[in-house]
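Structure file work-v6.txt (compact mmCIF, C-alpha atoms) is printed below.
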```txt
# COMPACT_ATOMS: atom_id res chain seq x y z
CA MET O 174 38.20 82.36 -101.88
CA ALA O 175 34.72 83.75 -102.59
CA LYS O 176 35.67 87.08 -100.99
CA LYS O 177 38.69 87.46 -103.27
CA GLN O 178 36.62 86.43 -106.31
CA LYS O 179 34.07 89.16 -105.54
CA ARG O 180 36.88 91.71 -105.09
CA PHE O 181 38.48 90.52 -108.32
CA ILE O 182 35.24 90.92 -110.28
CA SER O 183 34.67 94.33 -108.77
CA ASP O 184 38.22 95.49 -109.50
CA ILE O 185 38.23 94.24 -113.09
CA ALA O 186 34.83 95.79 -113.84
CA ASN O 187 35.87 99.17 -112.38
CA THR O 188 37.50 101.10 -115.22
CA THR O 189 38.56 103.92 -112.87
CA ILE O 190 40.93 101.64 -110.96
CA GLN O 191 44.53 101.81 -112.07
CA ALA O 192 45.80 98.90 -114.11
CA ALA O 193 48.34 98.09 -111.38
CA MET O 194 45.53 97.49 -108.88
CA GLN O 195 43.67 95.32 -111.38
CA GLU O 196 46.84 93.32 -112.03
CA GLN O 197 47.37 92.88 -108.29
CA SER O 198 43.82 91.61 -107.86
CA VAL O 199 44.29 89.10 -110.67
CA ALA O 200 47.65 87.97 -109.27
CA GLU O 201 46.20 87.45 -105.78
CA LEU O 202 43.28 85.39 -107.09
CA LEU O 203 45.54 83.27 -109.30
CA ASP O 204 47.97 82.69 -106.41
CA GLU O 205 45.11 81.54 -104.21
CA MET O 206 43.79 79.27 -106.96
CA ARG O 207 47.24 77.73 -107.43
CA SER O 208 47.72 77.21 -103.71
CA THR O 209 44.37 75.46 -103.36
CA GLU O 210 45.26 71.80 -103.54
CA ASP O 211 44.08 70.16 -106.74
CA PHE O 212 41.87 73.15 -107.66
CA THR O 213 42.73 73.00 -111.35
CA GLU O 214 42.28 69.23 -111.44
CA ALA O 215 38.97 69.37 -109.59
CA HIS O 216 37.59 72.31 -111.61
CA PRO O 217 39.28 72.31 -115.05
CA GLU O 218 36.30 73.90 -116.81
CA ALA O 219 36.05 76.69 -114.24
CA VAL O 220 39.75 77.47 -114.61
CA ARG O 221 39.57 77.40 -118.42
CA ASP O 222 36.45 79.59 -118.46
CA PHE O 223 38.04 82.02 -116.01
CA LEU O 224 41.23 82.31 -118.06
CA ASP O 225 39.27 82.67 -121.31
CA ALA O 226 37.15 85.46 -119.80
CA LEU O 227 40.24 87.16 -118.44
CA GLU O 228 41.97 87.00 -121.82
CA LYS O 229 38.86 88.32 -123.60
CA ALA O 230 38.52 91.21 -121.14
CA ALA O 231 42.18 92.12 -121.56
CA ARG O 232 41.88 92.07 -125.37
CA GLU O 233 38.73 94.20 -125.29
CA GLN O 234 40.27 96.71 -122.92
CA ALA O 235 43.35 96.95 -125.15
CA GLY O 236 41.22 97.15 -128.30
CA HIS O 237 42.80 93.98 -129.68
CA SER O 238 41.09 91.32 -131.77
CA VAL O 239 42.33 87.91 -132.86
CA CYS O 240 40.88 87.00 -136.25
CA ARG O 241 40.99 83.44 -137.52
CA VAL O 242 41.38 83.32 -141.30
CA THR O 243 40.84 80.05 -143.17
CA SER O 244 41.70 79.62 -146.84
CA ALA O 245 42.19 76.72 -149.24
CA VAL O 246 45.79 77.72 -150.01
CA ALA O 247 48.48 79.69 -148.22
CA LEU O 248 47.89 83.42 -148.58
CA THR O 249 50.55 85.72 -149.98
CA ASP O 250 52.13 88.42 -147.86
CA GLU O 251 50.23 91.01 -149.90
CA ASP O 252 46.90 89.21 -149.28
CA LEU O 253 47.64 89.02 -145.55
CA LYS O 254 48.53 92.71 -145.46
CA ARG O 255 45.26 93.71 -147.15
CA ILE O 256 43.20 91.44 -144.91
CA HIS O 257 44.99 92.73 -141.81
CA GLU O 258 44.41 96.38 -142.77
CA ALA O 259 40.73 95.79 -143.55
CA LEU O 260 40.09 93.98 -140.27
CA ALA O 261 42.00 96.55 -138.22
CA LYS O 262 39.83 99.26 -139.78
CA LYS O 263 36.64 97.26 -139.22
CA PHE O 264 37.38 96.55 -135.56
CA ASP O 265 38.95 99.95 -134.87
CA GLY O 266 41.94 98.56 -133.03
CA THR O 267 44.87 96.23 -133.24
CA VAL O 268 44.31 92.92 -134.94
CA SER O 269 46.35 89.76 -135.17
CA LEU O 270 45.68 87.06 -137.71
CA ASP O 271 45.59 83.36 -136.97
CA CYS O 272 45.77 81.81 -140.45
CA THR O 273 44.85 78.24 -141.29
CA VAL O 274 45.02 76.40 -144.59
CA ASP O 275 42.14 73.97 -145.12
CA PRO O 276 41.83 72.47 -148.62
CA ASN O 277 38.22 71.48 -147.79
CA VAL O 278 37.08 75.09 -148.21
CA ILE O 279 38.02 74.69 -151.92
CA GLY O 280 38.37 78.45 -152.44
CA GLY O 281 37.56 81.80 -150.88
CA LEU O 282 37.95 82.86 -147.26
CA ALA O 283 36.34 82.28 -143.91
CA VAL O 284 37.12 84.84 -141.20
CA ALA O 285 36.03 84.67 -137.56
CA CYS O 286 36.71 87.50 -135.14
CA GLY O 287 34.90 87.12 -131.83
CA GLU O 288 31.20 86.77 -132.64
CA TRP O 289 31.62 88.30 -136.12
CA ARG O 290 31.82 85.89 -139.06
CA TYR O 291 32.59 86.29 -142.76
CA GLN O 292 31.90 83.11 -144.68
CA ASN O 293 32.72 83.34 -148.37
CA THR O 294 34.13 79.95 -149.32
CA VAL O 295 33.24 77.65 -152.17
CA GLN O 296 32.42 75.00 -149.56
CA ASP O 297 29.86 77.33 -147.93
CA LYS O 298 28.36 78.27 -151.29
CA LEU O 299 27.98 74.58 -152.20
CA LYS O 300 26.28 73.90 -148.86
CA GLN O 301 23.88 76.80 -149.47
CA LEU O 302 23.14 75.58 -153.00
CA THR O 303 22.53 72.03 -151.79
CA LYS O 304 20.20 73.29 -149.05
CA HIS O 305 18.32 75.42 -151.57
CA LEU O 306 17.96 72.56 -154.07
CA VAL O 307 16.75 70.16 -151.38
CA SER O 308 14.21 72.66 -150.04
CA THR O 309 12.74 73.35 -153.51
CA ARG O 310 12.07 69.72 -154.41
```

Here is a file; write its structure as structure tokens.
Amino acid sequence: MAKKQKRFISDIANTTIQAAMQEQSVAELLDEMRSTEDFTEAHPEAVRDFLDALEKAAREQAGHSVCRVTSAVALTDEDLKRIHEALAKKFDGTVSLDCTVDPNVIGGLAVACGEWRYQNTVQDKLKQLTKHLVSTR
């Protein structure tokens, strides 16, 4: 399998190779992984990491970002539209929103998109204030 893994990595990293060849390389490696008895059971972290990396590479190549938005209350369609437009502009590509309601944030928004973070919640502000008050005692 190591030979196919090396070919897979080489094919995926080579941006001059046609997408069909990259897809074929991925399909061959996945078929081999599936046919290896108990591979996924014996190496669940390796499989998960591989699939996560593959998904991330595909999103990056397509210019697509998944942004996780957390708010204290459900956002209106208008709010979602404005947030979506702003994030699509920021990340210069297609964006999909994964929205979560968490009353613990009290108010404001938390947005995570890859490594980028926007933390502007009442909960975060209270944590910062508490940390500041404790450090100035």

Tell me, in Å to one decimal, how far CA of Ile279 in chain O is from CA of Ala245 in chain O.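 Separating CA of Ile279 in chain O from CA of Ala245 in chain O is a distance of 5.4 Å.
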
Choose the residue, out of O:Gln301, O:His257, O:Arg290, O:Ser244, that has the smallest atom-to-atom separation from Asp275 in chain O; count only C-alpha atoms.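 Between O:Gln301, O:His257, O:Arg290, O:Ser244, the residue approaching Asp275 in chain O most closely is O:Ser244.
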
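Atom pair CA of Val278 in chain O / CA of Gln296 in chain O: separated by 4.9 Å.
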
Just give me the gap between CA of Arg221 in chain O and CA of Tyr291 in chain O in Å, one decimal is fine.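 Interatomic distance, CA of Arg221 in chain O to CA of Tyr291 in chain O: 26.8 Å.
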
Given all atoms listed in the file as the counted atoms, nearest of O:Arg241, O:Thr273, O:Cys286, O:Val268 to Lys254 in chain O: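 Answer, going by the shortest atom-to-atom distance: O:Val268.
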
Which residue, O:Glu201, O:Leu282, O:Cys272, O:Glu258, has the smallest gap to Val295 in chain O when you use all atoms listed in the file?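 Of all the options, O:Leu282 lies closest to Val295 in chain O.
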
Contacts of Cys240 in chain O within 8 Å, all atoms listed in the file, excl. fewer than 4 positions in-chain, as a list of chain:residue names: O:Val268, O:Ser269, O:Leu270, O:Asp271, O:Val284, O:Ala285, O:Cys286, O:Gly287

How would the residues just picked look written out with C-alpha atoms as an mmCIF file, in the frame of the given file?
```cif
data_model
loop_
_atom_site.group_PDB
_atom_site.id
_atom_site.type_symbol
_atom_site.label_atom_id
_atom_site.label_comp_id
_atom_site.auth_asym_id
_atom_site.auth_seq_id
_atom_site.Cartn_x
_atom_site.Cartn_y
_atom_site.Cartn_z
ATOM 1 C CA VAL O 268 44.310 92.920 -134.940
ATOM 2 C CA SER O 269 46.350 89.760 -135.170
ATOM 3 C CA LEU O 270 45.680 87.060 -137.710
ATOM 4 C CA ASP O 271 45.590 83.360 -136.970
ATOM 5 C CA VAL O 284 37.120 84.840 -141.200
ATOM 6 C CA ALA O 285 36.030 84.670 -137.560
ATOM 7 C CA CYS O 286 36.710 87.500 -135.140
ATOM 8 C CA GLY O 287 34.900 87.120 -131.830
#
```
